[in-house]
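Report on the structure given below.
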Amino acid sequence: MKPIYLKSVSACLLVGTGMPVIALDLADAEKEILPTMVVEGEMLTPGVVGVKPDIGGVNDAAALLQRVPGANVNSNGPLSGIAQYRGLFGDRVNVISDGTTYKSACANAMDTPLSHVPTSLTETLSIKRGIASVSSGIETLGGNIVQRTRRGEFAEEEGIDFSGKTTNGVNSVNNAYYTSIFGNVANENHKFRVGGSREEGGNYDWDGGENVDTSHERNAGMLGYGYRTDDKNHEFDFSYNYNDTHATGTPSLPMDIVYSRGGVSNFNYQGLLADKYTINTEFSYQDIQHQMDNYSLRGGSDISDAAQRVSDNTSRGFGYKVSIGMPLYDGNLLLGADGDNIEHDAHIRNPNNALSIKNFNNVSRDRYGVFAEWKGEFTRDWELELGTRVNLVRMDAGNVGGVSGPFANPASAGSKLANNFNAKKHEKDDLNVDVVAILTHHLNNDLDVELGFGRKTRSPSYQERYLWLPLNATGGLADGRNYVGDIELKPEVSYQAELGFNWQLDTAYIMPRIFYRYVEDYIQGTPADDPLALAVSSTTLQYTNVDAYLYGFDIEGGFWFHDDWKVDMMVSYVRGRRDDVTDNLYRIAPLNGRIGLFYDTAEWLAGTEIIGYDDQNETSNYNDEVESPGYFLWNLRGQYRPQHQAVKGIQVGFGIENVLDESYRTHLSGLNRNGTNDATAVGEHLPGPGRNFYATLSYDW
Ligand SMILES: [Cu+2]
């Protein structure tokens with residue numbers, strides 16, 4: 001009996017199936033490193049943490065990351081959560097949803113990759129702890145997060161299967177609700193699925209008043225079709241996800257979401273040829289439109305006509321991945337090619353006059369990658385993963401400029417900045433090489449030790465290279481500072497080492513990991529020296545290559561007692577520092593942890609958890625980052641799952657989050673920019689939600 005890693009957001013750290021552990025029969029158990037675990041169709045290997053968005057008060061998929069050791073979320077708004085893993089975030093952490101790397105349309109990442117598909121339509125969210133495999137994504141410097149949406153199953157025997165799920169919830173703290181329905185009809189060869197969700201909520205309450213503006217509204221839809229051959233050796237799947245986000249607050253950014261809408265299509269083929277070659281192909285296409293403004297949700301008519309701004313942003317393009325796997329020595333060799341070609345545009349205008357700025361015009365970021373990876377047992381009880389990848393990243397940008405306002409006079413700083421940018425060559429090619437080596441030693445039946453090394457690269461984002469006018473369009477940094485880019489930036493190169501232990505007994509487990517990472521040419525803002533940029537904004541930062549390092553540890557563990565009781569815990573710590581000067585890296589999660597005690601049977605789940613965050617005093621001087629005090633939160637959770645045949649599949653959940661109505665400020669939510677926020681000044685950290693009563697109802701059929 002081994003613990004499973006699939007976590008339920010409903011209440012507990014380990015999924016409440018009644019049985020705390022699942023054993024997998026392995027024909028050749030003694031040859032295996034700790035066994036692979038199968039959980040509701042998802043294969044999870046040791047070292048992979050999967051979060052199952054079961055039920056609970058939250059419908060934001062990014063919020064699930066707070067349950068993963070080492071992971072967290074930089075929340076710029078209720079639907080704008082940026083994934084953070086071990087102190088790195090944004091474009092440094094790769095997020096894949098059903099094979100697609102979603103590219104935010106918003107230059108400030110309001111439509112983050114994890115905002116496209118809500119929790120209610122997500123099957124699992126998983127992260128491989130430590131170093132991401134080269135095969136997992138094109139640029140995975142900071143890690144790789146995989147979201148799988150609901151896809152339904154083929155029927156296992158003749159006849160037609162109807163299956164589906166509805167999930168619904170209400171929250172008192174922001175008068176919010178969400179509702180979703182998903183259905184799948186299938187026989188052995190075909191499956192057809194359709195799903196949709198809707199959610200809406202007001203501002204979050206807390207002891208100091210309302211956190212303005214944190215209201216949100218989102219509709220999402222999906223449909224898909226799958227075909228599999230009689231011999232089950234070939235499977236085709238087509239899926240389409242559409243997101244329609246309405247006015248939604250992002251108080252730590254200079255504007256709020258007016259809308260984000262658009263779809264992602266994905267085509268996938270998986271095949272087994274000649275009984276030994278596995279083929280996997282993915283093709284995806286995305287087309288996203290986004291609009292934001294600085295008055296609808298903050299001050300309205302109090303914002304003068306001259307100060308009003310609207311920004312329209314788009315991203316569109318395609319991605320692909322082709323790989324072939326084959327047996328080689330006592331392992332599997334995977335060879336592949338992948339890439340994507342994405343185009344971004346962003347314009348800012350004043351709705352009341354002629355002011356118009358092209359801040360990103362026809363920007364392209366195209367990636368072409370090839371990789372080879374071998375994974376297997378090279379000698380008894382020793383497993384090795386060796387991989388390498390070469391990426392070509394080609395970026396380009398069209399000419400920029402503006403009319404009216406700061407550009408009215410050709411001698412103005414704005415006009416000169418545009419002319420200087422346009423006079424430069426914009427095209428840039430980077431050739432990047434990644435290498436990963438992970439050695440796992442099976443010490444005995446209960447204990448594995450893992451040692452990993454990775455060299456990973458990331459080319460600059462389009463904002464880091466092509467932001468020509470001092471602006472806050474920074475992929476969601478939310479530090480309140482204006483930035484300019486630098487076309488000549490070099491790619492970041494990270495060297496990472498990792499040591500981890502997986503120790504599992506029948507009724508207890510603990511998995512600690514420590515890591516160290518050095519990032520050469522780490523990209524961050526340092527004081528700009530271009531007098532034109534400083535004339536527009538005197539505190540402008542310019543993206544620069546510096547050197548940085550990060551180190552820390554994360555632990556998860558738990559044990560069971562009296563059959564139905566369990567304790568789960570998790571601790572995450574990371575420290576990030578500049579190497580070239582004495583300073584800390586920006587927006588790093590403070591030391592944090594959680595511990596839960598739950599009574600868990602097939603019918604009932606009930607318990608309590610305590611979440612603790614330490615002070616964050618190790619803040620970044622260059623970003624004027626504000627320190628934040630620590631806090632504890634106490635939650636109570638329950639879930640009832642009637643076992644009578646007639647009502648099987650129903651789950652009723654209820655709970656109180658932040659029982660003591662503690663006032664606290666979340667370090668990772670950025671600094672407030674909304675002047676109409678209650679009891680939170682501009683530049684202060686935003687408060688976390690106050691006491692929340694929630695109830696959920698779901699039904700599986
Ligand atoms: Cu935006």
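Note on naming: chains are A, B, ... as they come in the structure tokens, residues start from 1 per chain, ligands start from 1 in the order shown.
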Original post:
ligand 1: which residues are within 10 Å, counting only C-alpha atoms and all ligand atoms, as a count of residues only?
Top reply: 33
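Neighbours of range 149-164 of chain A closer than or equal to 7 Å, with only C-alpha atoms counted and sequence neighbours fewer than 5 positions away skipped, come out as Asp98, Leu121, Thr122, Glu123, Phe182, Gly183, Asn184, Val185, Ala186, Asn187, Glu188, Asn189, His190, Lys191, Arg193, Asp700 and Trp701 of chain A.
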**OP:** Write out as number ranges by chain all residues of range 391-479 of chain A that backbone DSSP assigns to alpha helix (DSSP H).
**Re:** A: 413-423, 462-466
Take the residues from that selection and write them out as a compact mmCIF listing (two decimals), in the first residue's frame, keeping all heavy atoms.
```
# COMPACT_ATOMS: atom_id res chain seq x y z
N ALA A 413 10.25 63.50 -25.90
CA ALA A 413 10.95 62.26 -25.54
C ALA A 413 10.25 61.05 -26.13
O ALA A 413 10.89 60.11 -26.62
CB ALA A 413 11.04 62.15 -24.02
N GLY A 414 8.89 61.03 -26.09
CA GLY A 414 8.13 59.90 -26.61
C GLY A 414 8.42 59.67 -28.09
O GLY A 414 8.68 58.55 -28.53
N SER A 415 8.39 60.77 -28.88
CA SER A 415 8.65 60.64 -30.32
C SER A 415 10.07 60.16 -30.57
O SER A 415 10.31 59.33 -31.44
CB SER A 415 8.44 61.99 -31.01
OG SER A 415 7.09 62.35 -30.95
N LYS A 416 11.01 60.70 -29.79
CA LYS A 416 12.40 60.30 -30.00
C LYS A 416 12.62 58.83 -29.63
O LYS A 416 13.37 58.12 -30.30
CB LYS A 416 13.34 61.18 -29.15
CG LYS A 416 13.53 62.57 -29.73
CD LYS A 416 14.49 63.34 -28.85
CE LYS A 416 14.76 64.73 -29.43
NZ LYS A 416 15.49 65.54 -28.44
N LEU A 417 11.97 58.38 -28.54
CA LEU A 417 12.10 56.96 -28.16
C LEU A 417 11.58 56.06 -29.27
O LEU A 417 12.18 55.02 -29.60
CB LEU A 417 11.32 56.69 -26.86
CG LEU A 417 11.99 57.11 -25.56
CD1 LEU A 417 11.00 57.07 -24.41
CD2 LEU A 417 13.19 56.21 -25.25
N ALA A 418 10.43 56.46 -29.87
CA ALA A 418 9.87 55.67 -30.96
C ALA A 418 10.83 55.64 -32.14
O ALA A 418 11.10 54.58 -32.73
CB ALA A 418 8.51 56.23 -31.38
N ASN A 419 11.39 56.81 -32.50
CA ASN A 419 12.31 56.88 -33.64
C ASN A 419 13.56 56.05 -33.38
O ASN A 419 14.05 55.35 -34.27
CB ASN A 419 12.69 58.33 -33.94
CG ASN A 419 11.50 59.09 -34.51
OD1 ASN A 419 10.57 58.49 -35.05
ND2 ASN A 419 11.51 60.40 -34.36
N ASN A 420 14.09 56.16 -32.15
CA ASN A 420 15.28 55.37 -31.82
C ASN A 420 15.01 53.87 -31.93
O ASN A 420 15.83 53.11 -32.43
CB ASN A 420 15.75 55.68 -30.39
CG ASN A 420 16.38 57.06 -30.30
OD1 ASN A 420 16.55 57.73 -31.32
ND2 ASN A 420 16.70 57.48 -29.09
N PHE A 421 13.84 53.46 -31.43
CA PHE A 421 13.49 52.04 -31.49
C PHE A 421 13.36 51.61 -32.96
O PHE A 421 13.89 50.58 -33.36
CB PHE A 421 12.17 51.78 -30.75
CG PHE A 421 11.73 50.34 -30.77
CD1 PHE A 421 12.22 49.44 -29.83
CD2 PHE A 421 10.83 49.87 -31.73
CE1 PHE A 421 11.81 48.11 -29.85
CE2 PHE A 421 10.43 48.54 -31.75
CZ PHE A 421 10.92 47.65 -30.80
N ASN A 422 12.66 52.42 -33.75
CA ASN A 422 12.41 52.04 -35.14
C ASN A 422 13.70 51.98 -35.96
O ASN A 422 13.79 51.25 -36.95
CB ASN A 422 11.42 53.01 -35.78
CG ASN A 422 10.04 52.88 -35.14
OD1 ASN A 422 9.74 51.88 -34.50
ND2 ASN A 422 9.20 53.90 -35.32
N ALA A 423 14.70 52.76 -35.54
CA ALA A 423 15.97 52.78 -36.29
C ALA A 423 16.80 51.53 -36.03
O ALA A 423 17.74 51.23 -36.77
CB ALA A 423 16.77 54.02 -35.90
N TYR A 462 8.90 38.98 -25.01
CA TYR A 462 8.81 40.09 -25.96
C TYR A 462 8.74 41.43 -25.22
O TYR A 462 9.24 42.44 -25.71
CB TYR A 462 7.62 39.90 -26.92
CG TYR A 462 6.25 40.09 -26.34
CD1 TYR A 462 5.64 41.34 -26.35
CD2 TYR A 462 5.55 39.02 -25.79
CE1 TYR A 462 4.37 41.51 -25.82
CE2 TYR A 462 4.29 39.19 -25.26
CZ TYR A 462 3.70 40.43 -25.28
OH TYR A 462 2.45 40.61 -24.76
N GLN A 463 8.19 41.44 -24.00
CA GLN A 463 8.18 42.69 -23.23
C GLN A 463 9.61 43.08 -22.86
O GLN A 463 9.99 44.25 -22.95
CB GLN A 463 7.36 42.53 -21.94
CG GLN A 463 5.86 42.34 -22.15
CD GLN A 463 5.49 40.88 -22.13
OE1 GLN A 463 6.28 40.02 -22.53
NE2 GLN A 463 4.29 40.57 -21.68
N GLU A 464 10.39 42.08 -22.42
CA GLU A 464 11.76 42.38 -21.98
C GLU A 464 12.63 42.91 -23.12
O GLU A 464 13.54 43.70 -22.92
CB GLU A 464 12.40 41.12 -21.37
CG GLU A 464 11.78 40.76 -20.01
CD GLU A 464 12.06 39.33 -19.56
OE1 GLU A 464 12.46 38.48 -20.37
OE2 GLU A 464 11.85 39.06 -18.36
N ARG A 465 12.33 42.49 -24.34
CA ARG A 465 13.13 42.97 -25.48
C ARG A 465 12.57 44.21 -26.13
O ARG A 465 13.32 45.09 -26.54
CB ARG A 465 13.23 41.86 -26.53
CG ARG A 465 14.47 41.04 -26.35
CD ARG A 465 14.88 40.22 -27.56
NE ARG A 465 16.20 39.69 -27.30
CZ ARG A 465 16.55 38.42 -27.51
NH1 ARG A 465 15.68 37.56 -27.98
NH2 ARG A 465 17.77 38.02 -27.25
N TYR A 466 11.24 44.28 -26.27
CA TYR A 466 10.69 45.29 -27.19
C TYR A 466 9.87 46.39 -26.53
O TYR A 466 9.25 47.18 -27.22
CB TYR A 466 9.83 44.60 -28.26
CG TYR A 466 10.62 43.64 -29.11
CD1 TYR A 466 10.20 42.32 -29.30
CD2 TYR A 466 11.79 44.06 -29.74
CE1 TYR A 466 10.93 41.44 -30.08
CE2 TYR A 466 12.53 43.18 -30.53
CZ TYR A 466 12.09 41.87 -30.69
OH TYR A 466 12.82 41.01 -31.47
```
Subject >> Pairwise distance for CA of Pro406 in chain A and CA of Gly480 in chain A, rounded to one decimal in Å >> reply: 20.5 Å
With range 66-79 of chain A as the partner and 12 Å as the cut-off, tabulate the residues of range 108-215 of chain A that qualify, each row holding the nearest pair of atoms and their distance in Å to one decimal, using only C-alpha atoms, sorted by chain and rising number, as CSV.
```
residue,atom,partner,partner_atom,distance
A:Asn108,CA,A:Asn76,CA,9.7
A:Ala109,CA,A:Asn76,CA,9.1
A:Met110,CA,A:Asn76,CA,7.5
A:Asp111,CA,A:Leu79,CA,7.6
A:Thr112,CA,A:Leu79,CA,8.0
A:Pro113,CA,A:Leu79,CA,10.4
A:Leu114,CA,A:Leu79,CA,8.6
A:Ser115,CA,A:Leu79,CA,5.8
A:His116,CA,A:Leu79,CA,9.1
A:Val117,CA,A:Leu79,CA,10.4
A:Pro118,CA,A:Leu79,CA,9.0
A:Thr119,CA,A:Leu79,CA,11.0
A:Leu125,CA,A:Val68,CA,9.8
A:Ser126,CA,A:Val68,CA,8.7
A:Ile127,CA,A:Val68,CA,8.0
A:Lys128,CA,A:Val68,CA,10.2
A:Arg129,CA,A:Gly70,CA,8.1
A:Gly130,CA,A:Gly70,CA,9.0
A:Gly142,CA,A:Ala71,CA,10.7
A:Gly143,CA,A:Ala71,CA,9.9
A:Asn144,CA,A:Ala71,CA,11.0
A:Ile145,CA,A:Ala71,CA,9.9
A:Asn174,CA,A:Pro78,CA,10.5
A:Ala176,CA,A:Pro78,CA,11.2
A:Glu199,CA,A:Leu79,CA,10.8
A:Glu200,CA,A:Pro78,CA,10.5
A:Gly201,CA,A:Pro78,CA,9.3
A:Gly202,CA,A:Pro78,CA,10.1
A:Asn203,CA,A:Pro78,CA,9.4
A:Tyr204,CA,A:Pro78,CA,9.3
A:Asn211,CA,A:Gly77,CA,10.3
A:Val212,CA,A:Gly77,CA,10.2
A:Asp213,CA,A:Gly77,CA,8.5
A:Thr214,CA,A:Pro78,CA,6.1
A:Ser215,CA,A:Pro78,CA,7.3
```
Subject >> Nearest to Lys425 in chain A by atom-to-atom distance, counting only C-alpha atoms, from A:Leu447, A:Val659, A:Leu384, A:Ala397 >> reply: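 Closest to Lys425 in chain A, using only C-alpha atoms: A:Ala397.
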Original post:
Do you have the CA of Val403 in chain A-CA of Ala354 in chain A distance handy?
Top reply: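 Value for the CA of Val403 in chain A-CA of Ala354 in chain A distance: 7.0 Å.
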